[in-house]
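Listing of target39.txt; format and content: compact mmCIF, C-alpha atoms and all ligand atoms.
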```txt
# COMPACT_ATOMS: atom_id res chain seq x y z
CA GLU X 1 -14.81 -39.91 8.73
CA ARG X 2 -11.96 -38.60 10.86
CA LEU X 3 -10.69 -35.29 9.53
CA ASN X 4 -7.81 -32.95 10.28
CA TYR X 5 -9.96 -29.83 10.31
CA ILE X 6 -7.16 -27.31 9.82
CA ASP X 7 -5.83 -28.96 6.64
CA PHE X 8 -9.38 -29.35 5.45
CA ILE X 9 -10.37 -25.71 5.89
CA HIS X 10 -7.15 -24.36 4.35
CA HIS X 11 -7.87 -26.52 1.34
CA ILE X 12 -11.36 -25.07 0.98
CA VAL X 13 -10.21 -21.47 1.39
CA ASP X 14 -7.40 -22.07 -1.14
CA ARG X 15 -9.98 -23.20 -3.67
CA PHE X 16 -12.06 -20.05 -3.13
CA GLU X 17 -8.99 -17.83 -3.49
CA LEU X 18 -8.12 -19.46 -6.79
CA ASN X 19 -11.61 -19.05 -8.22
CA ILE X 20 -12.64 -15.68 -6.86
CA SER X 21 -13.25 -13.15 -9.62
CA GLU X 22 -14.42 -10.21 -7.52
CA ASP X 23 -12.09 -7.72 -5.89
CA ILE X 24 -12.39 -9.35 -2.49
CA THR X 25 -9.63 -10.56 -0.19
CA ILE X 26 -9.81 -13.49 2.18
CA GLU X 27 -7.91 -13.34 5.46
CA ARG X 28 -7.35 -16.36 7.68
CA LYS X 29 -6.93 -16.67 11.42
CA ILE X 30 -6.42 -20.40 11.61
CA PRO X 31 -4.19 -21.89 14.30
CA GLU X 32 -1.58 -24.53 13.51
CA LYS X 33 -3.18 -27.19 15.66
CA ASN X 34 -4.09 -30.78 15.20
CA TYR X 35 -7.86 -30.52 15.51
CA LYS X 36 -9.69 -33.72 14.68
CA VAL X 37 -13.38 -33.85 13.93
CA TRP X 38 -15.60 -36.78 13.02
CA VAL X 39 -17.68 -35.55 10.09
CA ASP X 40 -19.04 -36.30 6.68
CA LYS X 41 -16.45 -34.38 4.68
CA ASP X 42 -18.70 -33.69 1.69
CA LYS X 43 -21.43 -32.30 3.89
CA ILE X 44 -19.19 -29.97 5.87
CA THR X 45 -17.65 -28.88 2.56
CA GLN X 46 -21.16 -28.00 1.41
CA VAL X 47 -21.74 -25.98 4.60
CA LEU X 48 -18.53 -23.99 4.17
CA ASP X 49 -19.13 -23.51 0.45
CA ASN X 50 -22.48 -21.95 1.14
CA ILE X 51 -21.36 -19.71 3.98
CA ILE X 52 -18.27 -18.49 2.15
CA SER X 53 -20.11 -17.93 -1.12
CA ASN X 54 -22.74 -15.92 0.73
CA ALA X 55 -19.97 -13.81 2.27
CA ILE X 56 -18.56 -13.17 -1.21
CA LYS X 57 -21.98 -12.58 -2.77
CA TYR X 58 -22.99 -9.97 -0.19
CA SER X 59 -19.58 -8.24 0.02
CA PRO X 60 -18.86 -4.87 -1.56
CA GLU X 61 -16.05 -4.42 -4.05
CA GLY X 62 -12.77 -4.26 -2.16
CA GLY X 63 -14.29 -6.05 0.81
CA GLU X 64 -12.45 -8.37 3.12
CA ILE X 65 -13.62 -11.71 4.40
CA LEU X 66 -12.13 -13.16 7.56
CA ILE X 67 -12.15 -16.88 8.25
CA GLU X 68 -11.34 -17.81 11.83
CA VAL X 69 -11.04 -21.13 13.62
CA SER X 70 -10.81 -21.44 17.39
CA GLU X 71 -11.41 -23.89 20.18
CA GLN X 72 -13.90 -23.39 22.98
CA ASN X 73 -15.02 -25.99 25.54
CA HIS X 74 -14.15 -29.02 23.39
CA GLN X 75 -15.91 -27.43 20.47
CA LEU X 76 -14.37 -26.12 17.30
CA LEU X 77 -15.69 -22.73 16.24
CA THR X 78 -15.54 -21.56 12.64
CA LYS X 79 -16.41 -17.91 11.91
CA VAL X 80 -16.87 -16.30 8.54
CA THR X 81 -17.05 -12.49 8.71
CA ASP X 82 -17.73 -10.15 5.82
CA GLU X 83 -17.98 -6.40 5.37
CA GLY X 84 -21.17 -6.62 3.37
CA VAL X 85 -24.70 -5.24 3.48
CA GLY X 86 -25.55 -7.03 6.69
CA ILE X 87 -28.86 -8.46 7.85
CA PRO X 88 -31.46 -6.56 9.90
CA GLU X 89 -31.66 -7.84 13.48
CA GLU X 90 -35.28 -8.97 13.11
CA ASN X 91 -34.32 -11.29 10.22
CA LEU X 92 -31.29 -12.94 11.78
CA GLU X 93 -33.13 -16.12 12.75
CA LYS X 94 -35.15 -16.32 9.57
CA ILE X 95 -32.19 -16.61 7.21
CA PHE X 96 -31.90 -20.25 8.28
CA GLU X 97 -35.44 -21.01 7.10
CA ARG X 98 -36.07 -22.61 3.74
CA PHE X 99 -36.54 -20.16 0.86
CA TYR X 100 -36.18 -17.15 3.12
CA ARG X 101 -34.28 -14.27 1.56
CA VAL X 102 -33.80 -10.81 3.03
CA ASP X 103 -35.05 -8.06 0.72
CA LYS X 104 -36.30 -10.04 -2.25
CA ALA X 105 -35.40 -7.35 -4.78
CA ARG X 106 -31.81 -7.13 -3.66
CA SER X 107 -31.40 -10.88 -3.43
CA ARG X 108 -33.04 -11.64 -6.75
CA LYS X 109 -30.40 -9.61 -8.50
CA LEU X 110 -27.71 -11.66 -6.78
CA GLY X 111 -29.34 -15.00 -7.49
CA GLY X 112 -29.95 -18.04 -5.33
CA THR X 113 -32.89 -19.93 -3.95
CA GLY X 114 -32.69 -19.24 -0.24
CA LEU X 115 -31.90 -22.84 0.57
CA GLY X 116 -28.20 -22.62 1.29
CA LEU X 117 -28.32 -21.72 4.97
CA ALA X 118 -31.33 -23.96 5.69
CA ILE X 119 -29.33 -26.90 4.37
CA ALA X 120 -26.22 -25.75 6.25
CA LYS X 121 -28.19 -25.64 9.51
CA GLU X 122 -29.61 -29.12 8.92
CA LEU X 123 -26.17 -30.56 8.16
CA ILE X 124 -24.47 -28.89 11.12
CA GLU X 125 -27.20 -30.04 13.52
CA ALA X 126 -26.87 -33.57 12.16
CA HIS X 127 -23.26 -33.35 13.36
CA ASP X 128 -24.35 -32.28 16.86
CA GLY X 129 -23.30 -28.74 16.07
CA GLU X 130 -24.98 -25.37 15.94
CA VAL X 131 -24.91 -22.44 13.54
CA TRP X 132 -25.89 -18.83 14.13
CA ALA X 133 -25.55 -15.32 12.70
CA ASN X 134 -24.50 -11.94 14.02
CA SER X 135 -24.79 -8.86 11.90
CA ILE X 136 -24.84 -5.09 11.81
CA GLU X 137 -26.61 -3.56 8.85
CA ASN X 138 -24.33 -1.89 6.33
CA GLN X 139 -21.34 -3.06 8.30
CA GLY X 140 -21.17 -6.79 7.92
CA THR X 141 -22.17 -10.26 8.96
CA THR X 142 -20.57 -13.10 10.89
CA ILE X 143 -21.81 -16.65 10.48
CA THR X 144 -20.47 -18.97 13.19
CA PHE X 145 -20.81 -22.69 13.54
CA ARG X 146 -19.50 -25.10 16.09
CA LEU X 147 -18.67 -28.77 15.76
CA PRO X 148 -17.67 -31.17 18.54
CA LEU X 149 -13.93 -31.85 18.69
CA MET X 150 -12.84 -35.45 18.75
CA GLN X 151 -11.32 -36.38 22.08
CA GLN X 152 -7.52 -36.41 21.71
CA LYS X 153 -5.66 -39.45 23.01
CA ARG X 154 -2.90 -37.29 24.44
CA GLY X 155 -2.71 -33.68 25.50
CA GLY X 156 -3.41 -34.08 29.16
CA ARG X 157 -6.02 -31.58 30.33
CA ALA X 158 -9.09 -33.12 31.91
P1 LIG M 1 -28.74 -20.11 -2.15
O1 LIG M 1 -27.76 -20.27 -1.05
O2 LIG M 1 -29.81 -21.14 -2.11
O3 LIG M 1 -28.08 -19.97 -3.48
P2 LIG M 1 -29.24 -17.61 -0.87
O4 LIG M 1 -27.77 -17.35 -0.77
O5 LIG M 1 -30.14 -16.45 -1.16
O6 LIG M 1 -29.53 -18.74 -1.93
P3 LIG M 1 -29.12 -18.57 1.85
O7 LIG M 1 -27.68 -18.90 1.66
O8 LIG M 1 -29.98 -19.56 2.55
O9 LIG M 1 -29.80 -18.29 0.45
O10 LIG M 1 -29.25 -17.19 2.61
C1 LIG M 1 -30.55 -16.71 2.94
C2 LIG M 1 -30.60 -15.19 2.90
O11 LIG M 1 -29.83 -14.67 3.98
C3 LIG M 1 -29.96 -14.57 1.66
O12 LIG M 1 -30.87 -14.48 0.59
C4 LIG M 1 -29.56 -13.20 2.17
O13 LIG M 1 -30.66 -12.34 2.12
C5 LIG M 1 -29.20 -13.46 3.61
N1 LIG M 1 -27.74 -13.64 3.79
C6 LIG M 1 -27.07 -14.81 3.93
N2 LIG M 1 -25.74 -14.61 4.13
C7 LIG M 1 -25.56 -13.28 4.12
C8 LIG M 1 -24.42 -12.43 4.29
N3 LIG M 1 -23.18 -12.92 4.48
N4 LIG M 1 -24.62 -11.08 4.25
C9 LIG M 1 -25.86 -10.59 4.05
N5 LIG M 1 -26.98 -11.32 3.89
C10 LIG M 1 -26.84 -12.66 3.92
MG MG M 2 -26.43 -18.93 -0.14
```

Turn the structure described in the file into structure tokens.
Amino acid sequence: ERLNYIDFIHHIVDRFELNISEDITIERKIPEKNYKVWVDKDKITQVLDNIISNAIKYSPEGGEILIEVSEQNHQLLTKVTDEGVGIPEENLEKIFERFYRVDKARSRKLGGTGLGLAIAKELIEAHDGEVWANSIENQGTTITFRLPLMQQKRGGRA
């Protein structure tokens, strides 16, 4: 379905802010633009739910999470950055594999199956998008995904 992405993402972040129990703040850098995407709303909700709950799960007390939306070459980029434990460079690709979890002991304590990001990757790719991770250990992680923007009827640039 056709979705106003900015309204959609504010709605999702609002829901997280209402339900968050940890001492974590969520910042937004979301432009007031009319970005339209053609997506399955439930599936992209599932993607964001997983990425944002990971960010919360792996954040320290008092941590900040930044949610950014921007446009780049007719693509819409969404970035979720946390100040958490991070992911070692050599594992950055593997976190998108089924059942893969960095440091089993650490992750077991925090719960989960290791499916969240594998599903997110599948769903984003089914939308002709792409998802990837950047991270510095003990400093934080950024998960970014891109989705194609719907061509606007007006707004002139070729
Ligand atoms: P599930 O999502 O199925 O409940 P999960 O959160 O462990 O379980 P994924 O969401 O697929 O699984 O993430 C895979 C692994 O990647 C995690 O177990 C964790 O080790 C690592 N990871 C994911 N996001 C972050 C993050 N923001 N910071 C640090 N590590 C992360
Ligand atoms: Mg997860």

Exercise for review: Return as a ChimeraX atom specification every polymer residue, whether protein, DNA or RNA, with at least one atom no more than 12 Å from an atom of ligand MG 2 (chain M); count all atoms listed in the file.
Suggested key: /X:46-58,95-102,107-108,110-121,143

Each residue of region 124-154 of chain X lying at most 7 Å from region 59-75 of chain X should get a row with its shortest atom-to-atom pair and the distance in Å to one decimal, counting all atoms listed in the file; could you produce that, ordered by chain and increasing number, as a tab-separated table?
```
residue	atom	partner	partner_atom	distance
X:Arg146	CA	X:Gln75	CA	6.1
X:Leu147	CA	X:Gln75	CA	5.6
X:Pro148	CA	X:Gln75	CA	4.6
X:Leu149	CA	X:Gln75	CA	5.2
```

Exercise for review: Work out how far CA of Arg15 (chain X) is from atom C8 of ligand LIG 1 (chain M), in Å to one decimal.
Suggested key: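 Atom-to-atom, atom C8 of ligand LIG 1 (chain M) to CA of Arg15 (chain X), that is 19.7 Å.
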
Point to revise | Residue nearest Asn134 (chain X) among X:Val80, X:Met150, X:Val39, X:Ile30 (counting only C-alpha atoms) | key: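 Looking only at the distances to Asn134 (chain X), the closest residue turns out to be X:Val80.
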
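Among X:Val85, X:Asp128, X:Glu122, X:Gln152, the residue with the shortest atom-to-atom distance to ligand LIG 1 (chain M), counting only C-alpha atoms and all ligand atoms, is X:Val85.
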
Review point. Expressed in Å to a single decimal, how great is the separation between CA of Trp132 (chain X) and CA of Thr144 (chain X)?
Key: 5.5 Å

Check your understanding: Which residue out of X:Ile87, X:Ile9, X:Val131, X:Ala126 has the minimum interatomic distance to ligand LIG 1 (chain M) when all atoms listed in the file are used?
Key -> X:Ile87

Point to revise | Among the residues X:Lys33, X:Arg28, X:Lys94, X:His127, the one that comes closest to ligand LIG 1 (chain M) [using all atoms listed in the file] | key: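 The answer is X:Lys94, which sits nearest to ligand LIG 1 (chain M).
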
Return region 51-77 of chain X, completed with N, CA and C atoms, as a short mmCIF file (atom, residue, chain, number, x, y, z; two decimals), in the coordinates of the input.
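Contents of result.cif, as written:
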```cif
data_model
loop_
_atom_site.label_atom_id
_atom_site.label_comp_id
_atom_site.auth_asym_id
_atom_site.auth_seq_id
_atom_site.Cartn_x
_atom_site.Cartn_y
_atom_site.Cartn_z
N ILE X 51 -21.60 -20.87 3.11
CA ILE X 51 -21.36 -19.71 3.98
C ILE X 51 -20.34 -18.77 3.34
N ILE X 52 -19.29 -19.34 2.76
CA ILE X 52 -18.27 -18.49 2.15
C ILE X 52 -18.81 -17.85 0.86
N SER X 53 -19.59 -18.59 0.08
CA SER X 53 -20.11 -17.93 -1.12
C SER X 53 -21.12 -16.86 -0.79
N ASN X 54 -21.89 -17.03 0.28
CA ASN X 54 -22.74 -15.92 0.73
C ASN X 54 -21.88 -14.70 1.08
N ALA X 55 -20.83 -14.92 1.84
CA ALA X 55 -19.97 -13.81 2.27
C ALA X 55 -19.44 -13.06 1.05
N ILE X 56 -19.06 -13.81 0.01
CA ILE X 56 -18.56 -13.17 -1.21
C ILE X 56 -19.69 -12.44 -1.92
N LYS X 57 -20.83 -13.13 -2.03
CA LYS X 57 -21.98 -12.58 -2.77
C LYS X 57 -22.46 -11.26 -2.17
N TYR X 58 -22.45 -11.17 -0.84
CA TYR X 58 -22.99 -9.97 -0.19
C TYR X 58 -21.91 -8.98 0.22
N SER X 59 -20.68 -9.17 -0.28
CA SER X 59 -19.58 -8.24 0.02
C SER X 59 -19.52 -7.13 -1.01
N PRO X 60 -19.08 -5.94 -0.59
CA PRO X 60 -18.86 -4.87 -1.56
C PRO X 60 -17.52 -5.09 -2.27
N GLU X 61 -17.33 -4.39 -3.37
CA GLU X 61 -16.05 -4.42 -4.05
C GLU X 61 -14.96 -3.96 -3.08
N GLY X 62 -13.86 -4.64 -3.07
CA GLY X 62 -12.77 -4.26 -2.16
C GLY X 62 -12.95 -4.79 -0.75
N GLY X 63 -14.01 -5.55 -0.53
CA GLY X 63 -14.29 -6.05 0.81
C GLY X 63 -13.33 -7.14 1.25
N GLU X 64 -13.31 -7.34 2.56
CA GLU X 64 -12.45 -8.37 3.12
C GLU X 64 -13.31 -9.39 3.84
N ILE X 65 -12.93 -10.63 3.69
CA ILE X 65 -13.62 -11.71 4.40
C ILE X 65 -12.61 -12.35 5.34
N LEU X 66 -13.02 -12.55 6.57
CA LEU X 66 -12.13 -13.16 7.56
C LEU X 66 -12.66 -14.54 7.93
N ILE X 67 -11.78 -15.52 7.86
CA ILE X 67 -12.15 -16.88 8.25
C ILE X 67 -11.32 -17.27 9.46
N GLU X 68 -12.02 -17.54 10.56
CA GLU X 68 -11.34 -17.81 11.83
C GLU X 68 -11.74 -19.19 12.36
N VAL X 69 -10.76 -19.86 12.93
CA VAL X 69 -11.04 -21.13 13.62
C VAL X 69 -10.50 -21.00 15.04
N SER X 70 -11.28 -21.44 16.01
CA SER X 70 -10.81 -21.44 17.39
C SER X 70 -11.46 -22.57 18.17
N GLU X 71 -10.90 -22.82 19.34
CA GLU X 71 -11.41 -23.89 20.18
C GLU X 71 -12.09 -23.29 21.40
N GLN X 72 -13.20 -23.87 21.80
CA GLN X 72 -13.90 -23.39 22.98
C GLN X 72 -14.66 -24.55 23.61
N ASN X 73 -14.33 -24.92 24.81
CA ASN X 73 -15.02 -25.99 25.54
C ASN X 73 -15.20 -27.27 24.72
N HIS X 74 -14.12 -27.79 24.18
CA HIS X 74 -14.15 -29.02 23.39
C HIS X 74 -14.97 -28.89 22.12
N GLN X 75 -15.21 -27.66 21.72
CA GLN X 75 -15.91 -27.43 20.47
C GLN X 75 -14.97 -26.66 19.56
N LEU X 76 -15.15 -26.86 18.28
CA LEU X 76 -14.37 -26.12 17.30
C LEU X 76 -15.29 -25.07 16.69
N LEU X 77 -14.89 -23.81 16.80
CA LEU X 77 -15.69 -22.73 16.24
C LEU X 77 -15.10 -22.29 14.91
#
```
